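**Q** Sharing start-v7.csv here; it has CSV, C-alpha atoms.
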```
chain,number,residue,atom,x,y,z
A,456,MET,CA,237.1,114.2,30.0
A,457,ALA,CA,233.4,115.0,29.7
A,458,LYS,CA,231.3,112.8,27.4
A,459,THR,CA,230.4,114.6,24.1
A,460,LYS,CA,226.9,114.8,22.9
A,461,GLU,CA,225.9,112.2,20.3
A,462,LEU,CA,225.2,113.6,16.9
A,463,SER,CA,221.6,113.3,15.7
A,464,LYS,CA,220.7,110.9,12.9
A,465,ASP,CA,219.9,113.9,10.6
A,466,THR,CA,223.3,115.4,11.2
A,467,ARG,CA,225.0,112.1,10.4
A,468,ASN,CA,223.0,111.7,7.2
A,469,LYS,CA,223.8,115.3,6.2
A,470,ILE,CA,227.6,114.5,6.6
A,471,VAL,CA,227.2,111.5,4.2
A,472,ASP,CA,225.2,113.6,1.7
A,473,LEU,CA,227.8,116.4,1.6
A,474,HIS,CA,230.6,113.8,1.3
A,475,GLN,CA,228.8,112.2,-1.7
A,476,VAL,CA,228.6,115.5,-3.6
A,477,GLY,CA,232.4,115.9,-3.3
A,478,LYS,CA,233.0,118.1,-0.2
A,479,THR,CA,236.1,117.5,1.9
A,480,GLU,CA,236.0,116.6,5.6
A,481,SER,CA,237.3,120.0,6.5
A,482,ALA,CA,234.6,121.8,4.4
A,483,ILE,CA,231.9,119.6,5.9
A,484,GLY,CA,233.2,120.3,9.4
A,485,LYS,CA,233.2,124.1,8.9
A,486,GLN,CA,229.7,124.1,7.3
A,487,LEU,CA,228.2,122.0,10.2
A,488,GLY,CA,230.3,123.3,13.0
A,489,LEU,CA,231.9,120.0,13.7
A,490,LYS,CA,235.5,118.7,14.2
A,491,LYS,CA,237.2,117.2,11.2
A,492,SER,CA,237.9,114.1,13.2
A,493,THR,CA,234.2,113.7,14.0
A,494,VAL,CA,233.2,114.1,10.3
A,495,GLY,CA,235.9,111.6,9.3
A,496,ALA,CA,234.7,109.0,11.8
A,497,ILE,CA,231.1,109.2,10.5
A,498,ILE,CA,232.3,108.9,6.9
A,499,ARG,CA,234.5,105.9,7.7
A,500,LYS,CA,231.6,104.1,9.4
A,501,TRP,CA,229.3,104.8,6.4
A,502,LYS,CA,232.0,103.4,4.0
A,503,THR,CA,232.5,100.3,6.2
A,504,TYR,CA,229.0,99.4,7.3
A,505,LYS,CA,226.8,101.4,4.8
A,506,THR,CA,225.0,102.9,7.8
A,507,THR,CA,225.5,105.8,10.3
A,508,ASP,CA,223.3,104.2,13.0
A,509,ASN,CA,224.8,103.1,16.3
A,510,LEU,CA,226.1,99.5,16.0
A,511,PRO,CA,225.4,96.8,18.6
A,512,ARG,CA,228.0,96.7,21.4
A,513,SER,CA,229.2,93.4,22.8
A,514,GLY,CA,229.4,94.7,26.4
A,515,ALA,CA,230.9,92.8,29.3
A,516,PRO,CA,230.5,89.0,29.2
A,517,ARG,CA,227.8,87.5,31.3
A,518,LYS,CA,229.0,86.4,34.7
A,519,ILE,CA,226.7,83.5,34.9
A,520,SER,CA,227.0,80.8,32.2
A,521,PRO,CA,224.0,79.5,30.3
A,522,ARG,CA,224.2,76.4,32.4
A,523,GLY,CA,224.2,78.4,35.6
A,524,VAL,CA,221.2,80.4,34.3
A,525,LYS,CA,219.3,77.2,33.7
A,526,MET,CA,220.2,76.0,37.2
A,527,ILE,CA,219.0,79.0,39.1
A,528,THR,CA,215.9,79.3,36.9
A,529,ARG,CA,215.0,75.7,37.7
A,530,THR,CA,215.6,76.3,41.4
A,531,VAL,CA,213.2,79.2,41.7
A,532,SER,CA,210.6,77.5,39.5
A,533,LYS,CA,210.6,74.6,42.0
A,534,ASN,CA,210.7,76.8,45.0
A,535,PRO,CA,209.7,80.4,44.4
A,536,ARG,CA,210.6,81.3,48.0
A,537,THR,CA,214.3,80.7,47.3
A,538,THR,CA,216.3,83.8,48.4
A,539,ARG,CA,219.0,85.5,46.4
A,540,GLY,CA,221.5,84.5,49.0
A,541,ASP,CA,220.6,80.9,48.5
A,542,LEU,CA,221.2,81.2,44.8
A,543,VAL,CA,224.5,83.0,45.3
A,544,ASN,CA,225.7,80.1,47.5
A,545,ASP,CA,224.5,77.5,45.0
A,546,LEU,CA,226.5,79.2,42.2
A,547,GLN,CA,229.5,79.6,44.4
A,548,ARG,CA,229.5,75.9,45.1
A,549,ALA,CA,229.4,75.4,41.3
A,550,GLY,CA,232.5,77.7,40.9
A,551,THR,CA,230.8,81.0,40.0
A,552,LYS,CA,231.1,84.0,42.2
A,553,VAL,CA,228.3,86.6,41.7
A,554,THR,CA,226.5,89.3,43.7
A,555,LYS,CA,222.8,89.4,44.6
A,556,PRO,CA,222.0,92.2,42.1
A,557,THR,CA,223.5,89.9,39.3
A,558,ILE,CA,221.1,87.2,40.4
A,559,SER,CA,218.2,89.7,40.2
A,560,ASN,CA,219.2,90.9,36.7
A,561,THR,CA,219.7,87.4,35.4
A,562,LEU,CA,216.3,86.1,36.6
A,563,ARG,CA,214.6,89.3,35.3
A,564,ARG,CA,215.9,88.5,31.8
A,565,GLN,CA,214.2,85.1,32.2
A,566,GLY,CA,210.9,86.8,32.9
A,567,LEU,CA,211.1,86.3,36.7
A,568,LYS,CA,211.0,89.1,39.2
A,569,SER,CA,210.9,89.2,43.0
A,570,CYS,CA,207.3,90.0,44.2
A,571,SER,CA,205.5,90.0,47.5
A,572,ALA,CA,203.6,86.7,48.0
A,573,ARG,CA,199.9,87.1,48.0
A,574,ARG,CA,198.0,86.2,51.2
A,575,VAL,CA,195.1,83.9,50.4
A,576,PRO,CA,192.8,81.6,52.4
A,577,LEU,CA,194.3,78.2,53.1
A,578,LEU,CA,192.7,75.7,50.7
A,579,LYS,CA,192.5,72.0,51.5
A,580,PRO,CA,191.6,69.5,48.8
A,581,VAL,CA,188.0,69.4,50.0
A,582,HIS,CA,187.8,73.2,49.6
A,583,VAL,CA,189.2,73.0,46.1
A,584,GLN,CA,186.7,70.4,45.0
A,585,ALA,CA,183.8,72.3,46.6
A,586,ARG,CA,184.8,75.5,44.7
A,587,LEU,CA,185.0,73.6,41.4
A,588,LYS,CA,181.6,72.0,42.0
A,589,PHE,CA,180.1,75.5,42.7
A,590,ALA,CA,181.7,77.0,39.6
A,591,ARG,CA,180.6,74.2,37.3
A,592,GLU,CA,177.0,74.1,38.7
A,593,HIS,CA,176.5,77.8,38.3
A,594,LEU,CA,178.5,78.6,35.2
A,595,ASP,CA,175.5,78.6,32.9
A,596,ASP,CA,173.1,80.5,35.3
A,597,PRO,CA,171.6,83.5,33.5
A,598,ASP,CA,172.7,87.0,34.5
A,599,GLU,CA,169.2,87.7,35.9
A,600,ASP,CA,169.8,85.1,38.6
A,601,TRP,CA,172.9,86.8,39.9
A,602,GLU,CA,171.2,90.2,39.7
A,603,ASN,CA,168.7,88.9,42.2
A,604,VAL,CA,171.3,88.0,44.8
A,605,ILE,CA,172.1,90.1,47.9
A,606,TRP,CA,175.8,89.6,48.7
A,607,SER,CA,177.0,90.1,52.3
A,608,ASP,CA,180.1,89.9,54.4
A,609,GLU,CA,182.0,91.3,57.3
A,610,THR,CA,185.3,93.1,57.1
A,611,LYS,CA,187.8,94.9,59.4
A,612,ILE,CA,189.2,98.3,58.5
A,613,GLU,CA,192.4,99.5,60.2
A,614,LEU,CA,192.9,103.0,61.3
A,615,PHE,CA,196.7,102.5,61.0
A,616,GLY,CA,198.7,99.4,60.3
A,617,LYS,CA,201.0,97.6,58.0
A,618,ASN,CA,201.0,94.0,56.8
A,619,SER,CA,204.2,92.0,56.6
A,620,THR,CA,205.2,90.7,53.2
A,621,ARG,CA,207.2,87.8,51.9
A,622,ARG,CA,208.8,87.8,48.4
A,623,VAL,CA,208.7,85.0,45.8
A,624,TRP,CA,210.1,84.6,42.3
A,625,ARG,CA,207.4,84.2,39.7
A,626,THR,CA,206.5,84.9,36.1
A,627,LYS,CA,204.0,87.5,35.0
A,628,ASN,CA,200.3,86.6,35.8
A,629,ALA,CA,201.4,83.8,38.2
A,630,GLU,CA,200.8,85.6,41.4
A,631,LEU,CA,197.9,83.3,42.5
A,632,HIS,CA,199.6,80.0,41.8
A,633,PRO,CA,199.6,78.1,45.2
A,634,LYS,CA,203.4,78.2,45.3
A,635,ASN,CA,203.4,82.0,45.1
A,636,THR,CA,200.8,82.7,47.8
A,637,ILE,CA,200.8,82.8,51.6
A,638,PRO,CA,197.8,81.0,53.2
A,639,THR,CA,196.0,82.9,55.9
A,640,VAL,CA,193.0,82.5,58.1
A,641,LYS,CA,190.1,84.9,58.1
A,642,HIS,CA,190.2,88.2,60.2
A,643,GLY,CA,193.6,89.2,61.3
A,644,GLY,CA,193.7,92.5,63.1
A,645,GLY,CA,192.0,95.9,62.6
A,646,ASN,CA,190.2,98.5,64.5
A,647,ILE,CA,186.6,98.5,63.5
A,648,MET,CA,184.4,95.7,62.1
A,649,LEU,CA,181.7,96.2,59.6
A,650,TRP,CA,178.9,94.2,58.2
A,651,GLY,CA,177.5,95.2,54.8
A,652,CYS,CA,175.6,93.9,51.8
A,653,PHE,CA,174.9,94.9,48.2
A,654,SER,CA,173.2,93.7,45.0
A,655,ALA,CA,173.6,94.6,41.3
A,656,LYS,CA,171.3,97.6,42.0
A,657,GLY,CA,173.7,99.2,44.5
A,658,PRO,CA,175.1,99.1,48.0
A,659,GLY,CA,172.8,98.0,50.8
A,660,ARG,CA,173.1,98.8,54.5
A,661,LEU,CA,176.5,99.1,56.2
A,662,ILE,CA,176.8,98.9,60.0
A,663,ARG,CA,179.5,98.8,62.5
A,664,VAL,CA,179.8,95.8,64.8
A,665,LYS,CA,180.9,97.2,68.1
A,666,GLU,CA,181.2,94.0,70.1
A,667,ARG,CA,182.5,90.5,69.4
A,668,MET,CA,180.0,89.0,67.1
A,669,ASN,CA,178.2,85.8,68.0
A,670,GLY,CA,175.3,84.0,66.5
A,671,ALA,CA,172.7,85.9,68.3
A,672,MET,CA,174.2,89.2,67.3
A,673,TYR,CA,174.5,88.1,63.7
A,674,ARG,CA,170.8,87.2,63.6
A,675,GLU,CA,170.0,90.6,65.1
A,676,ILE,CA,172.0,92.3,62.4
A,677,LEU,CA,170.2,90.4,59.7
A,678,SER,CA,166.8,91.1,61.4
A,679,GLU,CA,167.4,94.8,61.4
A,680,ASN,CA,169.3,95.3,58.1
A,681,LEU,CA,168.7,92.5,55.5
A,682,LEU,CA,165.1,93.0,54.7
A,683,PRO,CA,165.3,96.8,54.7
A,684,SER,CA,168.2,96.5,52.3
A,685,ALA,CA,166.2,94.2,50.0
A,686,ARG,CA,163.3,96.7,50.0
A,687,ALA,CA,165.6,99.7,49.4
A,688,LEU,CA,167.3,97.8,46.5
A,689,LYS,CA,163.9,96.8,45.1
A,690,MET,CA,164.8,93.2,44.9
A,691,LYS,CA,162.5,91.0,42.8
A,692,ARG,CA,160.4,88.3,44.4
A,693,GLY,CA,162.4,85.2,45.3
A,694,TRP,CA,165.7,87.0,45.8
A,695,VAL,CA,168.6,85.0,47.2
A,696,PHE,CA,170.8,85.8,50.2
A,697,GLN,CA,174.5,85.0,50.1
A,698,HIS,CA,176.8,84.7,53.1
A,699,ASP,CA,179.9,82.6,53.7
A,700,ASN,CA,180.4,79.6,56.0
A,701,ASP,CA,181.5,81.4,59.1
A,702,PRO,CA,180.3,79.4,62.1
A,703,LYS,CA,177.9,82.2,63.1
A,704,HIS,CA,176.3,82.0,59.7
A,705,THR,CA,176.0,78.2,59.6
A,706,ALA,CA,174.9,77.8,63.3
A,707,ARG,CA,171.7,75.7,63.7
A,708,ALA,CA,169.9,78.7,65.2
A,709,THR,CA,170.8,80.9,62.3
A,710,LYS,CA,169.7,78.4,59.7
A,711,GLU,CA,166.4,78.0,61.5
A,712,TRP,CA,165.9,81.7,61.7
A,713,LEU,CA,166.5,82.1,58.0
A,714,ARG,CA,164.2,79.2,57.3
A,715,LYS,CA,161.4,80.7,59.3
A,716,LYS,CA,161.8,84.1,57.5
A,717,HIS,CA,161.6,82.2,54.2
A,718,PHE,CA,164.9,83.6,53.0
A,719,LYS,CA,166.5,81.6,50.2
A,720,VAL,CA,170.2,81.1,50.9
A,721,LEU,CA,172.9,80.5,48.3
A,722,GLU,CA,174.9,77.3,49.0
A,723,TRP,CA,178.5,78.5,49.4
A,724,PRO,CA,181.9,76.8,49.2
A,725,SER,CA,184.1,77.4,52.2
A,726,GLN,CA,187.3,79.5,52.1
A,727,SER,CA,186.1,81.4,49.0
A,728,PRO,CA,186.2,85.1,49.5
A,729,ASP,CA,187.3,85.5,45.9
A,730,LEU,CA,183.9,84.2,44.8
A,731,ASN,CA,182.1,87.0,46.7
A,732,PRO,CA,182.1,90.2,44.6
A,733,ILE,CA,181.6,92.2,47.8
A,734,GLU,CA,185.3,91.8,48.3
A,735,ASN,CA,185.8,94.3,45.5
A,736,LEU,CA,183.5,96.8,47.3
A,737,TRP,CA,185.5,96.4,50.5
A,738,ARG,CA,188.7,97.2,48.6
A,739,GLU,CA,186.9,100.2,47.0
A,740,LEU,CA,185.8,101.4,50.4
A,741,LYS,CA,189.2,101.0,52.0
A,742,VAL,CA,190.9,102.9,49.2
A,743,ARG,CA,188.4,105.7,49.6
A,744,VAL,CA,188.7,105.8,53.4
A,745,ALA,CA,192.5,105.8,53.2
A,746,GLN,CA,192.5,108.8,50.9
A,747,ARG,CA,190.6,110.8,53.5
A,748,GLN,CA,193.1,109.8,56.3
A,749,PRO,CA,190.8,109.5,59.4
A,750,GLN,CA,192.7,110.2,62.6
A,751,ASN,CA,190.5,108.4,65.2
A,752,ILE,CA,188.0,105.6,65.4
A,753,THR,CA,185.0,107.9,65.4
A,754,ALA,CA,186.1,109.6,62.2
A,755,LEU,CA,186.9,106.2,60.7
A,756,GLU,CA,183.4,105.0,61.3
A,757,GLU,CA,181.8,108.2,59.9
A,758,ILE,CA,184.0,108.2,56.8
A,759,CYS,CA,183.3,104.5,56.1
A,760,MET,CA,179.5,105.2,56.2
A,761,GLU,CA,179.9,108.3,53.9
A,762,GLU,CA,182.1,106.6,51.4
A,763,TRP,CA,180.0,103.4,51.3
A,764,ALA,CA,176.9,105.5,50.4
A,765,LYS,CA,178.9,107.2,47.6
A,766,ILE,CA,179.8,104.0,45.8
A,767,PRO,CA,178.0,104.2,42.4
A,768,ALA,CA,175.3,101.6,41.5
A,769,THR,CA,177.1,101.1,38.2
A,770,VAL,CA,180.1,99.7,40.1
A,771,CYS,CA,177.9,97.1,41.8
A,772,GLU,CA,176.2,96.3,38.5
A,773,ASN,CA,179.5,95.7,36.7
A,774,LEU,CA,180.7,93.4,39.5
A,775,VAL,CA,177.7,91.2,39.1
A,776,LYS,CA,177.7,91.3,35.3
A,777,THR,CA,181.2,89.8,35.2
A,778,TYR,CA,180.4,87.0,37.7
A,779,ARG,CA,180.4,84.3,35.0
A,780,LYS,CA,183.9,85.3,34.0
A,781,LEU,CA,184.9,84.8,37.7
A,782,LEU,CA,183.5,81.3,37.7
A,783,THR,CA,185.3,80.5,34.5
A,784,SER,CA,188.6,81.6,36.1
A,785,VAL,CA,188.0,79.3,39.1
A,786,ILE,CA,187.6,76.3,36.7
A,787,ALA,CA,190.6,77.4,34.7
A,788,ASN,CA,192.7,77.6,37.9
A,789,LYS,CA,191.5,74.1,38.9
A,790,GLY,CA,189.6,75.3,41.9
A,791,TYR,CA,192.4,77.5,43.4
A,792,ILE,CA,192.1,81.1,44.3
A,793,THR,CA,191.5,83.6,41.5
A,794,LYS,CA,191.8,87.4,41.2
A,795,TYR,CA,188.8,89.2,42.7
```
Just dump the structure as structure tokens.
**A**
Amino acid sequence: MAKTKELSKDTRNKIVDLHQVGKTESAIGKQLGLKKSTVGAIIRKWKTYKTTDNLPRSGAPRKISPRGVKMITRTVSKNPRTTRGDLVNDLQRAGTKVTKPTISNTLRRQGLKSCSARRVPLLKPVHVQARLKFAREHLDDPDEDWENVIWSDETKIELFGKNSTRRVWRTKNAELHPKNTIPTVKHGGGNIMLWGCFSAKGPGRLIRVKERMNGAMYREILSENLLPSARALKMKRGWVFQHDNDPKHTARATKEWLRKKHFKVLEWPSQSPDLNPIENLWRELKVRVAQRQPQNITALEEICMEEWAKIPATVCENLVKTYRKLLTSVIANKGYITKY
């Protein structure tokens, strides 16, 4: 039998109103175009419960007992990489037979859902301490200081490609807890490599690195692009250059070259891409490039250059304006990776 359409609240209230003025169930049914049995059921509910609203339904009993719920919640809290199959087996050994969807539904009611583990740089204790030191030392720096920094980095952009994922059980806003992330090392795959820089005033130069980069090539890139970028961005006297601790950047010859050019360099904690706001620009660039769907390497390079030039200066300005908030997040996260 097909399921009948539920009466609206207005209709149910009208039935009660007509009943209270003395009309019979048959008369109400004829007036509203309803069956007598339907009218009678509404009136009986009103007499019994003093309401015509739908009452809570008990539903089927939970398959997992409160004790079992505590057990699997405790298990995934200790080890977020626990699979549903593992939890099914744990409960079966305890005498409860359930399916994987039941596990998912139960954990979701506890505020836990299966998510892809984030890939983040591998942080050793020395890295964590260096990140905390950097954040604490610069937390009270005025905004004007950050506005006078040229941020730089390299990135690889893929023409096509997919990244493998791994799922973890976690609560909301816990995606960057060390237990919920996958450590990675820098640069894993891609089709073209780019070097770029920016400041609070807008994007600087962006170039493609066509060969495997070494120290000499890196110094050549800086020689041809860093100072022109500073001039184009109208940096103030005493501006500071930021780059990470890649071996090419920290090589003795590179340090000496920077010293001779009288460039001030921001001391940087290793394994800290989240502290570099250019990562946000790389993400912006990759989204823009993906939307245009380049079909070959030549098109990929051209589109990268076009889309980089289109990034508004206001985007760059906002990234730098919120830098103090980023440092606060590092301290709050005890030196571990934050959202960038």
**Q** From the options A:Glu675, A:Glu613, A:Asp699, A:Glu602, which residue's atoms come nearest to A:Cys759, counting all atoms listed in the file?
**A** A:Glu613
**Q** Neighbouring residues of stretch 510-526 of chain A were defined as those with any atom within 9 Å, considering all atoms listed in the file; residues of the same chain fewer than 4 positions away were excluded. Please report them as number ranges by chain.
**A** A: 506, 530-531, 546, 549, 551-553, 557-558, 561-562, 565
**Q** If you count only C-alpha atoms, which residues fall within 7 Å of stretch 677-693 of chain A, apart from same-chain ones fewer than 4 positions away, as a PyMOL selection string?
**A** chain A and resi 603+656-657+659-660+673
**Q** Counting only C-alpha atoms, which of A:Glu711, A:Lys716, A:Asn773, A:Leu661 gets nearest to A:Glu761?
**A**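 Ranking A:Glu711, A:Lys716, A:Asn773, A:Leu661 by distance to A:Glu761, first place goes to A:Leu661.
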**Q** Quick one: distance from atom CA of A:Trp650 to atom CA of A:Ile662 in Å, one decimal?
**A**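 The value is 5.5 Å.
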**Q** Pick the closest to A:Lys588 from A:Val775, A:Ala745, A:Ile470, A:Ile786: which is it, counting only C-alpha atoms?
**A** A:Ile786
**Q** Would you work out the distance separating atom CA of A:Arg586 from atom CA of A:Leu730, expressed in Å to one decimal?
**A**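 Going from atom CA of A:Arg586 over to atom CA of A:Leu730 covers 8.7 Å.
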**Q** Would you list the contacts of stretch 750-754 of chain A as a short mmCIF file (atom, residue, chain, number, x, y, z; two decimals) with C-alpha atoms, keeping the file's coordinate frame, taking every protein, DNA or RNA residue within 10 Å and counting only C-alpha atoms, but skipping same-chain residues closer than 5 positions in sequence?
**A**
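Saved result, around35.cif, follows:
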```
data_model
loop_
_atom_site.label_atom_id
_atom_site.label_comp_id
_atom_site.auth_asym_id
_atom_site.auth_seq_id
_atom_site.Cartn_x
_atom_site.Cartn_y
_atom_site.Cartn_z
CA GLU A 613 192.40 99.50 60.20
CA LEU A 614 192.90 103.00 61.30
CA PHE A 615 196.70 102.50 61.00
CA ASN A 646 190.20 98.50 64.50
CA ILE A 647 186.60 98.50 63.50
CA VAL A 744 188.70 105.80 53.40
CA CYS A 759 183.30 104.50 56.10
CA MET A 760 179.50 105.20 56.20
#
```
**Q** Here is a test: counting all atoms listed in the file, which residue of A:Thr528, A:Thr777, A:Asn468, A:Asn560 is nearest to A:Lys500?
**A**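 For A:Lys500, the nearest of the given residues is A:Asn468.
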**Q** Rank nothing, just name the residue among A:Arg625, A:Arg499, A:Lys568, A:Arg548 nearest to A:Pro535, using all atoms listed in the file.
**A**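 Checking each of A:Arg625, A:Arg499, A:Lys568, A:Arg548 against A:Pro535, counting all atoms listed in the file, the winner is A:Arg625.
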**Q** Could you please determine the separation between atom CA of A:Lys703 and atom CA of A:Asn669 in Å, to one decimal place?
**A**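 Pair atom CA of A:Lys703 / atom CA of A:Asn669 returns 6.1 Å.
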**Q** Up to 6 Å from (188.8, 87.6, 40.9) in the file's coordinates: name the residues, counting only C-alpha atoms, as a ChimeraX atom specification.
**A** /A:729,781,793-795
**Q** Export, as a compact mmCIF listing (two decimals), in the coordinates of the input, the selected residues with C-alpha atoms.
**A**
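Output saved as out_36.txt:
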```txt
# COMPACT_ATOMS: atom_id res chain seq x y z
CA ASP A 729 187.30 85.50 45.90
CA LEU A 781 184.90 84.80 37.70
CA THR A 793 191.50 83.60 41.50
CA LYS A 794 191.80 87.40 41.20
CA TYR A 795 188.80 89.20 42.70
```
